[in-house]
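*Asks:* This one is run31.txt, compact mmCIF, C-alpha atoms and all ligand atoms.
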```txt
# COMPACT_ATOMS: atom_id res chain seq x y z
CA MET A 357 27.26 -34.07 -13.49
CA LYS A 358 28.56 -30.48 -13.41
CA ASN A 359 26.39 -27.48 -12.51
CA ILE A 360 24.96 -26.08 -15.76
CA LEU A 361 25.19 -22.53 -14.43
CA THR A 362 28.99 -22.90 -14.62
CA ALA A 363 28.91 -24.03 -18.27
CA PRO A 364 30.93 -21.73 -20.56
CA PHE A 365 28.05 -21.54 -23.05
CA VAL A 366 25.61 -20.34 -20.36
CA GLU A 367 28.21 -17.84 -19.20
CA GLU A 368 28.63 -16.55 -22.77
CA MET A 369 24.88 -16.09 -23.17
CA ARG A 370 24.67 -14.21 -19.86
CA LYS A 371 27.60 -11.92 -20.64
CA THR A 372 26.67 -11.22 -24.25
CA THR A 373 23.02 -10.42 -23.58
CA ALA A 374 23.94 -8.19 -20.62
CA ASN A 375 26.42 -6.34 -22.81
CA MET A 376 23.88 -5.89 -25.61
CA TYR A 377 21.29 -4.64 -23.13
CA ARG A 378 23.73 -2.06 -21.79
CA LEU A 379 24.44 -0.88 -25.31
CA GLY A 380 20.74 -0.06 -25.57
CA TRP A 381 20.12 -2.46 -28.42
CA ASP A 382 17.68 -4.78 -26.65
CA GLU A 383 14.87 -2.86 -25.05
CA ARG A 384 12.26 -4.92 -23.20
CA ASN A 385 12.21 -8.36 -24.89
CA GLY A 386 13.89 -7.09 -28.07
CA GLY A 387 16.49 -9.40 -29.59
CA ASN A 388 17.20 -13.10 -29.49
CA ILE A 389 20.21 -15.43 -29.78
CA SER A 390 20.57 -19.08 -30.71
CA TYR A 391 23.84 -20.91 -30.15
CA MET A 392 24.43 -24.43 -31.47
CA LEU A 393 26.18 -26.65 -28.93
CA GLU A 394 28.15 -29.89 -29.20
CA GLU A 395 26.35 -32.88 -27.70
CA SER A 396 29.51 -33.82 -25.77
CA GLU A 397 29.80 -30.40 -24.09
CA VAL A 398 26.13 -30.43 -23.05
CA ALA A 399 26.41 -34.01 -21.74
CA GLU A 400 28.84 -32.80 -19.07
CA TYR A 401 25.97 -30.82 -17.52
CA LEU A 402 22.69 -32.49 -18.50
CA ASP A 403 21.24 -35.97 -18.86
CA LEU A 404 20.45 -35.94 -22.57
CA ASN A 405 17.77 -38.65 -22.08
CA ASN A 406 15.79 -36.39 -19.78
CA VAL A 407 13.36 -34.40 -21.96
CA ILE A 408 11.44 -31.96 -19.72
CA ARG A 409 8.74 -31.30 -22.33
CA THR A 410 8.32 -31.10 -26.07
CA ILE A 411 7.34 -27.92 -27.94
CA PRO A 412 6.21 -27.83 -31.58
CA THR A 413 8.20 -25.40 -33.73
CA GLY A 414 5.70 -25.02 -36.58
CA PHE A 415 8.24 -25.58 -39.35
CA ASP A 416 10.49 -28.29 -40.71
CA ALA A 417 14.10 -28.27 -39.52
CA SER A 418 14.92 -31.85 -40.54
CA GLU A 419 18.48 -30.88 -41.43
CA LEU A 420 19.03 -30.08 -37.75
CA ILE A 421 17.58 -33.28 -36.22
CA GLY A 422 19.53 -34.10 -33.05
CA LYS A 423 21.22 -30.69 -32.94
CA ILE A 424 21.19 -28.88 -29.61
CA PHE A 425 20.82 -25.12 -29.16
CA ILE A 426 20.74 -22.73 -26.25
CA VAL A 427 18.12 -20.12 -27.17
CA THR A 428 16.72 -16.99 -25.52
CA GLY A 429 13.08 -17.26 -24.43
CA THR A 430 10.20 -15.44 -26.08
CA GLY A 431 9.04 -12.35 -24.23
CA LYS A 432 12.10 -12.49 -21.99
CA TYR A 433 14.24 -9.44 -21.33
CA PHE A 434 17.98 -9.50 -22.07
CA LYS A 435 18.24 -7.32 -18.96
CA ASN A 436 17.13 -10.26 -16.78
CA ILE A 437 19.10 -13.15 -18.29
CA ASP A 438 22.22 -12.76 -16.17
CA ALA A 439 20.30 -12.91 -12.88
CA ASP A 440 18.03 -15.80 -13.88
CA PRO A 441 19.31 -17.83 -16.84
CA GLU A 442 17.10 -20.84 -16.12
CA THR A 443 13.90 -18.85 -16.64
CA ASN A 444 15.05 -16.70 -19.54
CA LEU A 445 17.05 -19.25 -21.55
CA GLY A 446 16.38 -22.79 -22.71
CA ILE A 447 18.36 -25.67 -24.17
CA ILE A 448 16.47 -27.47 -26.91
CA ARG A 449 17.20 -30.41 -29.20
CA ILE A 450 15.48 -30.83 -32.56
CA ALA A 451 13.51 -34.07 -32.33
CA LYS A 452 13.46 -36.89 -34.88
CA ASP A 453 10.35 -35.50 -36.59
CA GLY A 454 12.23 -32.26 -37.40
CA THR A 455 9.29 -30.13 -36.24
CA THR A 456 9.47 -30.51 -32.46
CA ALA A 457 11.88 -29.07 -29.94
CA GLU A 458 12.78 -31.22 -26.94
CA LEU A 459 13.40 -29.06 -23.91
CA LEU A 460 16.45 -30.28 -21.98
CA TRP A 461 16.82 -27.35 -19.60
CA GLY A 462 15.41 -23.89 -18.89
CA TYR A 463 12.21 -21.94 -19.69
CA LYS A 464 11.52 -22.74 -16.03
CA ASP A 465 8.30 -20.72 -15.83
CA GLY A 466 6.69 -22.74 -18.64
CA GLY A 467 7.95 -20.39 -21.36
CA LYS A 468 9.39 -21.28 -24.72
CA PHE A 469 12.00 -20.30 -27.30
CA THR A 470 11.99 -16.97 -29.15
CA SER A 471 9.18 -16.26 -31.60
CA GLU A 472 11.96 -15.79 -34.16
CA LEU A 473 13.02 -19.45 -34.04
CA PRO A 474 12.10 -19.91 -37.74
CA ALA A 475 14.58 -17.19 -38.81
CA HIS A 476 17.20 -18.60 -36.45
CA LEU A 477 17.02 -22.26 -37.39
CA MET A 478 16.50 -21.61 -41.10
CA SER A 479 19.56 -19.32 -41.01
CA HIS A 480 21.59 -21.95 -39.12
CA MET A 481 20.74 -24.46 -41.87
CA VAL A 482 21.98 -22.11 -44.59
CA ARG A 483 25.10 -20.84 -42.80
CA LEU A 484 26.20 -24.37 -41.80
CA LYS A 485 26.32 -25.23 -45.49
CA LYS A 486 28.49 -22.16 -46.14
CA ASN A 487 30.66 -22.72 -43.08
CA PRO A 488 30.41 -25.92 -41.00
CA GLU A 489 31.90 -23.94 -38.10
CA ASN A 490 28.94 -21.56 -37.86
CA ARG A 491 27.36 -21.71 -34.40
CA ILE A 492 25.58 -18.42 -33.65
CA ILE A 493 22.61 -16.54 -35.04
CA MET A 494 21.99 -13.21 -33.30
CA HIS A 495 19.12 -10.77 -33.72
CA THR A 496 19.02 -7.33 -32.13
CA HIS A 497 17.66 -3.77 -32.52
CA PRO A 498 20.78 -1.55 -32.62
CA THR A 499 19.82 2.10 -32.32
CA TYR A 500 21.80 3.81 -35.08
CA THR A 501 21.39 0.97 -37.56
CA LEU A 502 17.65 1.36 -37.09
CA ALA A 503 17.79 5.14 -37.30
CA MET A 504 19.67 4.80 -40.59
CA ASN A 505 16.86 2.55 -41.88
CA PHE A 506 14.54 5.56 -41.79
CA VAL A 507 16.74 7.96 -43.73
CA HIS A 508 18.57 5.68 -46.16
CA GLU A 509 17.13 3.68 -49.01
CA LEU A 510 16.71 0.01 -48.05
CA GLU A 511 18.75 -1.46 -50.87
CA GLU A 512 21.72 -3.78 -50.37
CA ARG A 513 24.29 -2.23 -52.64
CA SER A 514 23.74 1.35 -51.57
CA PHE A 515 23.29 0.49 -47.87
CA THR A 516 26.52 -1.53 -47.88
CA ARG A 517 28.37 1.27 -49.72
CA SER A 518 27.23 3.85 -47.19
CA LEU A 519 28.48 1.68 -44.32
CA TRP A 520 31.78 0.81 -46.04
CA LYS A 521 32.39 4.49 -46.75
CA THR A 522 31.94 5.47 -43.12
CA CYS A 523 34.67 3.31 -41.56
CA THR A 524 37.85 2.24 -43.35
CA GLU A 525 37.75 -1.21 -41.79
CA CYS A 526 34.10 -2.01 -42.50
CA ILE A 527 34.97 -3.62 -45.82
CA VAL A 528 37.48 -5.79 -43.97
CA VAL A 529 34.95 -6.92 -41.35
CA PHE A 530 32.07 -7.56 -43.76
CA PRO A 531 33.51 -7.81 -47.28
CA ASP A 532 30.40 -9.76 -48.29
CA GLY A 533 28.26 -6.68 -47.55
CA VAL A 534 24.90 -6.44 -45.83
CA GLY A 535 21.67 -8.04 -47.04
CA VAL A 536 18.51 -5.99 -46.68
CA LEU A 537 14.90 -7.13 -46.32
CA PRO A 538 11.96 -4.76 -46.59
CA TRP A 539 9.70 -4.30 -43.56
CA MET A 540 7.93 -7.60 -42.90
CA VAL A 541 5.78 -9.08 -40.13
CA CYS A 542 8.20 -10.57 -37.61
CA GLY A 543 7.96 -13.91 -35.83
CA THR A 544 6.68 -15.74 -38.92
CA ASN A 545 7.94 -18.59 -41.08
CA GLU A 546 7.82 -16.15 -44.04
CA ILE A 547 10.37 -13.78 -42.55
CA GLY A 548 12.41 -16.85 -41.56
CA ILE A 549 12.47 -18.08 -45.15
CA ALA A 550 13.36 -14.60 -46.48
CA THR A 551 16.15 -14.20 -43.91
CA ALA A 552 17.64 -17.61 -44.66
CA LYS A 553 17.61 -16.82 -48.39
CA LYS A 554 19.65 -13.68 -47.73
CA MET A 555 21.99 -15.70 -45.48
CA GLU A 556 23.04 -17.63 -48.59
CA GLU A 557 24.89 -14.49 -49.63
CA TYR A 558 25.41 -12.46 -46.45
CA ARG A 559 26.33 -12.99 -42.78
CA LEU A 560 24.48 -9.79 -41.94
CA VAL A 561 20.84 -9.15 -42.81
CA ILE A 562 18.96 -5.95 -42.01
CA TRP A 563 15.27 -6.35 -41.27
CA GLY A 564 13.92 -3.07 -42.62
CA MET A 565 12.84 -0.73 -39.82
CA HIS A 566 13.11 -3.55 -37.27
CA GLY A 567 16.66 -4.73 -36.61
CA ILE A 568 19.53 -6.86 -37.79
CA TYR A 569 20.60 -10.51 -37.96
CA GLY A 570 24.19 -11.69 -37.75
CA ALA A 571 25.74 -15.14 -38.19
CA GLY A 572 29.14 -16.36 -37.09
CA LYS A 573 31.30 -19.12 -35.70
CA ASP A 574 31.32 -17.75 -32.17
CA MET A 575 29.88 -15.00 -30.02
CA ASP A 576 32.79 -12.60 -30.63
CA GLU A 577 32.67 -12.91 -34.39
CA THR A 578 28.89 -12.51 -34.57
CA PHE A 579 28.72 -9.67 -32.08
CA GLY A 580 31.69 -8.02 -33.80
CA LEU A 581 29.90 -8.05 -37.15
CA ILE A 582 26.82 -6.33 -35.74
CA GLU A 583 28.90 -3.98 -33.59
CA THR A 584 30.83 -2.83 -36.65
CA VAL A 585 27.66 -2.14 -38.65
CA GLU A 586 26.27 -0.24 -35.67
CA LYS A 587 29.45 1.85 -35.30
CA ALA A 588 29.34 2.72 -39.01
CA ALA A 589 25.64 3.57 -38.80
CA GLN A 590 26.34 5.81 -35.81
CA LEU A 591 29.00 7.68 -37.76
CA TYR A 592 26.68 7.89 -40.76
CA MET A 593 23.87 9.36 -38.66
CA ILE A 594 26.15 11.88 -36.96
CA ALA A 595 27.86 12.97 -40.16
CA SER A 596 24.98 12.78 -42.62
CA THR A 597 23.32 15.97 -41.42
CA MET A 598 26.45 18.03 -42.06
CA PRO A 599 28.06 19.03 -45.34
CA ARG A 600 30.34 16.25 -46.52
CA VAL A 601 33.92 17.39 -47.06
CA ASN A 602 35.75 14.06 -47.24
CA THR A 603 34.80 10.56 -48.26
CA ILE A 604 36.50 7.19 -48.61
CA GLU A 605 36.71 6.69 -52.36
CA ASP A 606 35.81 3.44 -54.11
CA HIS A 607 39.39 2.91 -55.29
CA GLU A 608 40.52 3.27 -51.68
CA LEU A 609 38.04 0.62 -50.51
CA LYS A 610 39.35 -1.64 -53.26
CA ALA A 611 42.92 -1.00 -52.11
CA VAL A 612 42.06 -1.91 -48.49
CA ALA A 613 40.21 -5.08 -49.52
CA GLU A 614 43.06 -6.13 -51.78
CA SER A 615 45.74 -5.42 -49.22
CA PHE A 616 43.91 -7.74 -46.79
CA GLY A 617 43.57 -10.33 -49.58
CA LEU A 618 39.77 -10.40 -49.22
CA LYS A 619 37.11 -11.84 -51.46
CA TYR A 620 34.74 -8.88 -51.44
CA ARG A 621 31.69 -7.63 -53.31
CA ALA A 622 33.58 -5.75 -56.00
CA ASP A 623 30.25 -5.25 -57.81
CA PHE A 624 29.22 -2.98 -54.91
CA LEU A 625 31.99 -0.52 -55.86
CA ASP A 626 31.97 1.96 -58.75
CA LEU A 627 35.33 1.17 -60.32
P1 LIG B 701 11.04 -12.65 -28.73
O1 LIG B 701 10.75 -12.05 -27.38
O2 LIG B 701 10.00 -13.64 -29.16
O3 LIG B 701 12.46 -13.22 -28.80
O4 LIG B 701 10.96 -11.48 -29.81
C1 LIG B 701 11.78 -10.36 -29.72
C2 LIG B 701 12.07 -9.75 -31.04
O5 LIG B 701 13.03 -9.03 -31.17
C3 LIG B 701 11.15 -10.03 -32.16
O6 LIG B 701 11.73 -9.70 -33.38
ZN ZN B 702 13.21 -8.06 -33.17
```
In structure tokens, write the structure found in this file.
*Replies:*
Amino acid sequence: MKNILTAPFVEEMRKTTANMYRLGWDERNGGNISYMLEESEVAEYLDLNNVIRTIPTGFDASELIGKIFIVTGTGKYFKNIDADPETNLGIIRIAKDGTTAELLWGYKDGGKFTSELPAHLMSHMVRLKKNPENRIIMHTHPTYTLAMNFVHELEERSFTRSLWKTCTECIVVFPDGVGVLPWMVCGTNEIGIATAKKMEEYRLVIWGMHGIYGAGKDMDETFGLIETVEKAAQLYMIASTMPRVNTIEDHELKAVAESFGLKYRADFLDL
């Protein structure tokens, strides 16, 4: 059996969370990531019959029975993951009852998966139906995206338009736009259900005055989605306090989307 600390998926979690921490998006225990793994890749590193302990999830994830995820721990700091992955991360498998997680590795200090597991697993269920290749759900608190939440109306069409109009390539990166939820209590099944509902339409969902969720087939794609929103929000926040002289027009956004052959939210443009 190979050493799990050399597994590419552990390495990706370490590198990505360290990078997000350095960007200032994940203060203290802010943010969480879940990454669905193939049974065969995990079996190279772990005995899949060895369940360390079982942890109730508090919701039904029957569609994911038998699926394995590496997930950040609740209360754990992204800052500390690289130095001690076995305490700050865990590998769980959804048990046959659909409501229990079987711990296969990690959470060494007796900890457990993120409090946002409902939003993660419910979003995985929805995104897998849209794209069987989807593997990652990522939640974080990017600074400028959050700042923009306080000065911009929290409405999907207008929020998406403001982001698209800040960077020419935003419409190329997220042609499906950005879903927006109002402020809600986090860590609940309710916010999980609301997030998953938005994930039927969007790969990016803003949690009003809290943070953002992204979904994608790999770490680069998911991180890239959030990074692009954050870059646009940064430009918006820098430029919005000054008189606007130039703007990217709706017909120009349409032209970019069409030149890339994209299926985009044309109803978000004034054409
Ligand atoms: P966890 O520490 O439970 O992952 O929570 C962090 C967070 O960002 C809550 O939304
Ligand atoms: Zn959060």
*Asks:* Between CA of Gly548 (chain A) and CA of Tyr391 (chain A), what is the distance, to one decimal in Å?
*Replies:* 16.7 Å
*Asks:* Enumerate, as a ChimeraX atom specification, the protein, DNA and RNA residues whose atoms approach (17.0, -5.8, -21.0) to within 12 Å, taking into account all atoms listed in the file and the coordinate frame of the file.
*Replies:* /A:370,372-388,431-439,444,496-497
*Asks:* Which residue, A:Glu472, A:Glu394, A:Glu509, A:Glu442, has the smallest gap to ligand LIG 701 (chain B) when you use only C-alpha atoms and all ligand atoms?
*Replies:*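 Counting only C-alpha atoms and all ligand atoms, the residue closest to ligand LIG 701 (chain B) is A:Glu472.
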*Asks:* I'd like to know which of A:Arg491, A:Asn359, A:Ala503, A:Leu510 is closest to Asp576 (chain A), using only C-alpha atoms.
*Replies:*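 The shortest atom-to-atom distance to Asp576 (chain A) comes from A:Arg491.
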*Asks:* Taking only C-alpha atoms and all ligand atoms into account, name the residue in A:Ile408, A:Leu625, A:Ile568, A:Val534 that is nearest to ligand ZN 702 (chain B).
*Replies:*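 Smallest distance to ligand ZN 702 (chain B) is found for A:Ile568.
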*Asks:* From the set A:Leu404, A:Leu420, A:Val427, A:Val482, which residue has the shortest atom-to-atom contact distance to Thr456 (chain A), counting all atoms listed in the file?
*Replies:* A:Leu420
*Asks:* If we count only C-alpha atoms and set the cut-off at 7 Å, which residues sit around region 604-609 of chain A, ignoring sequence neighbours fewer than 6 positions away in its own chain? Please answer as a CSV table (one decimal) with C-alpha atoms, keeping the file's coordinate frame.
*Replies:*
```csv
chain,number,residue,atom,x,y,z
A,521,LYS,CA,32.4,4.5,-46.8
A,625,LEU,CA,32.0,-0.5,-55.9
A,626,ASP,CA,32.0,2.0,-58.8
A,627,LEU,CA,35.3,1.2,-60.3
```
*Asks:* Using all atoms of region 566-574 of chain A listed in the file and a margin of 6 Å per side, can you give the axis-aligned box centre and edge lengths in Å to one decimal, as lines of an AutoDock Vina configuration file?
*Replies:*
```
center_x = 22.2
center_y = -11.3
center_z = -35.2
size_x = 30.2
size_y = 27.6
size_z = 18.0
```
*Asks:* Between A:Phe425, A:Phe415, A:Tyr500, A:Tyr558, which residue has the minimum interatomic distance to Val366 (chain A), considering all atoms listed in the file?
*Replies:*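 For Val366 (chain A), the nearest of the candidates is A:Phe425.
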*Asks:* For Lys358 (chain A), please output as a count of residues only all residues within 9 Å (counting only C-alpha atoms; exclusion window: fewer than 2 positions along the same chain).
*Replies:* 7
*Asks:* Please output region 527-540 of chain A, rebuilt to include N, CA, C and O atoms, as a PDB file, in the frame of the given file.
*Replies:*
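That gives us out19.pdb:
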```pdb
ATOM      1  N   ILE A 527      34.870  -2.676 -44.692  1.00  0.00           N
ATOM      2  CA  ILE A 527      34.970  -3.620 -45.820  1.00  0.00           C
ATOM      3  C   ILE A 527      35.803  -4.838 -45.438  1.00  0.00           C
ATOM      4  O   ILE A 527      35.626  -5.922 -45.982  1.00  0.00           O
ATOM      5  N   VAL A 528      36.669  -4.661 -44.451  1.00  0.00           N
ATOM      6  CA  VAL A 528      37.480  -5.790 -43.970  1.00  0.00           C
ATOM      7  C   VAL A 528      36.626  -6.719 -43.095  1.00  0.00           C
ATOM      8  O   VAL A 528      36.739  -7.937 -43.169  1.00  0.00           O
ATOM      9  N   VAL A 529      35.781  -6.128 -42.283  1.00  0.00           N
ATOM     10  CA  VAL A 529      34.950  -6.920 -41.350  1.00  0.00           C
ATOM     11  C   VAL A 529      33.812  -7.629 -42.091  1.00  0.00           C
ATOM     12  O   VAL A 529      33.534  -8.798 -41.847  1.00  0.00           O
ATOM     13  N   PHE A 530      33.153  -6.900 -43.011  1.00  0.00           N
ATOM     14  CA  PHE A 530      32.070  -7.560 -43.760  1.00  0.00           C
ATOM     15  C   PHE A 530      32.238  -7.315 -45.263  1.00  0.00           C
ATOM     16  O   PHE A 530      31.468  -6.606 -45.882  1.00  0.00           O
ATOM     17  N   PRO A 531      33.257  -7.986 -45.841  1.00  0.00           N
ATOM     18  CA  PRO A 531      33.510  -7.810 -47.280  1.00  0.00           C
ATOM     19  C   PRO A 531      32.369  -8.333 -48.141  1.00  0.00           C
ATOM     20  O   PRO A 531      32.224  -7.934 -49.298  1.00  0.00           O
ATOM     21  N   ASP A 532      31.548  -9.219 -47.557  1.00  0.00           N
ATOM     22  CA  ASP A 532      30.400  -9.760 -48.290  1.00  0.00           C
ATOM     23  C   ASP A 532      29.206  -8.799 -48.278  1.00  0.00           C
ATOM     24  O   ASP A 532      28.186  -9.075 -48.892  1.00  0.00           O
ATOM     25  N   GLY A 533      29.335  -7.683 -47.561  1.00  0.00           N
ATOM     26  CA  GLY A 533      28.260  -6.680 -47.550  1.00  0.00           C
ATOM     27  C   GLY A 533      27.133  -7.043 -46.594  1.00  0.00           C
ATOM     28  O   GLY A 533      27.244  -7.956 -45.768  1.00  0.00           O
ATOM     29  N   VAL A 534      26.048  -6.301 -46.731  1.00  0.00           N
ATOM     30  CA  VAL A 534      24.900  -6.440 -45.830  1.00  0.00           C
ATOM     31  C   VAL A 534      23.653  -6.697 -46.676  1.00  0.00           C
ATOM     32  O   VAL A 534      23.354  -5.926 -47.585  1.00  0.00           O
ATOM     33  N   GLY A 535      22.945  -7.777 -46.366  1.00  0.00           N
ATOM     34  CA  GLY A 535      21.670  -8.040 -47.040  1.00  0.00           C
ATOM     35  C   GLY A 535      20.593  -7.177 -46.417  1.00  0.00           C
ATOM     36  O   GLY A 535      20.678  -6.819 -45.238  1.00  0.00           O
ATOM     37  N   VAL A 536      19.582  -6.849 -47.205  1.00  0.00           N
ATOM     38  CA  VAL A 536      18.510  -5.990 -46.680  1.00  0.00           C
ATOM     39  C   VAL A 536      17.146  -6.575 -47.065  1.00  0.00           C
ATOM     40  O   VAL A 536      16.904  -6.880 -48.235  1.00  0.00           O
ATOM     41  N   LEU A 537      16.296  -6.733 -46.061  1.00  0.00           N
ATOM     42  CA  LEU A 537      14.900  -7.130 -46.320  1.00  0.00           C
ATOM     43  C   LEU A 537      14.001  -5.923 -46.104  1.00  0.00           C
ATOM     44  O   LEU A 537      14.294  -5.085 -45.241  1.00  0.00           O
ATOM     45  N   PRO A 538      12.910  -5.840 -46.848  1.00  0.00           N
ATOM     46  CA  PRO A 538      11.960  -4.760 -46.590  1.00  0.00           C
ATOM     47  C   PRO A 538      11.272  -5.006 -45.250  1.00  0.00           C
ATOM     48  O   PRO A 538      11.429  -6.082 -44.662  1.00  0.00           O
ATOM     49  N   TRP A 539      10.475  -4.067 -44.778  1.00  0.00           N
ATOM     50  CA  TRP A 539       9.700  -4.300 -43.560  1.00  0.00           C
ATOM     51  C   TRP A 539       8.805  -5.514 -43.785  1.00  0.00           C
ATOM     52  O   TRP A 539       8.181  -5.646 -44.846  1.00  0.00           O
ATOM     53  N   MET A 540       8.789  -6.408 -42.819  1.00  0.00           N
ATOM     54  CA  MET A 540       7.930  -7.600 -42.900  1.00  0.00           C
ATOM     55  C   MET A 540       7.367  -7.878 -41.507  1.00  0.00           C
ATOM     56  O   MET A 540       7.931  -7.418 -40.509  1.00  0.00           O
TER      57      MET A 540
END
```
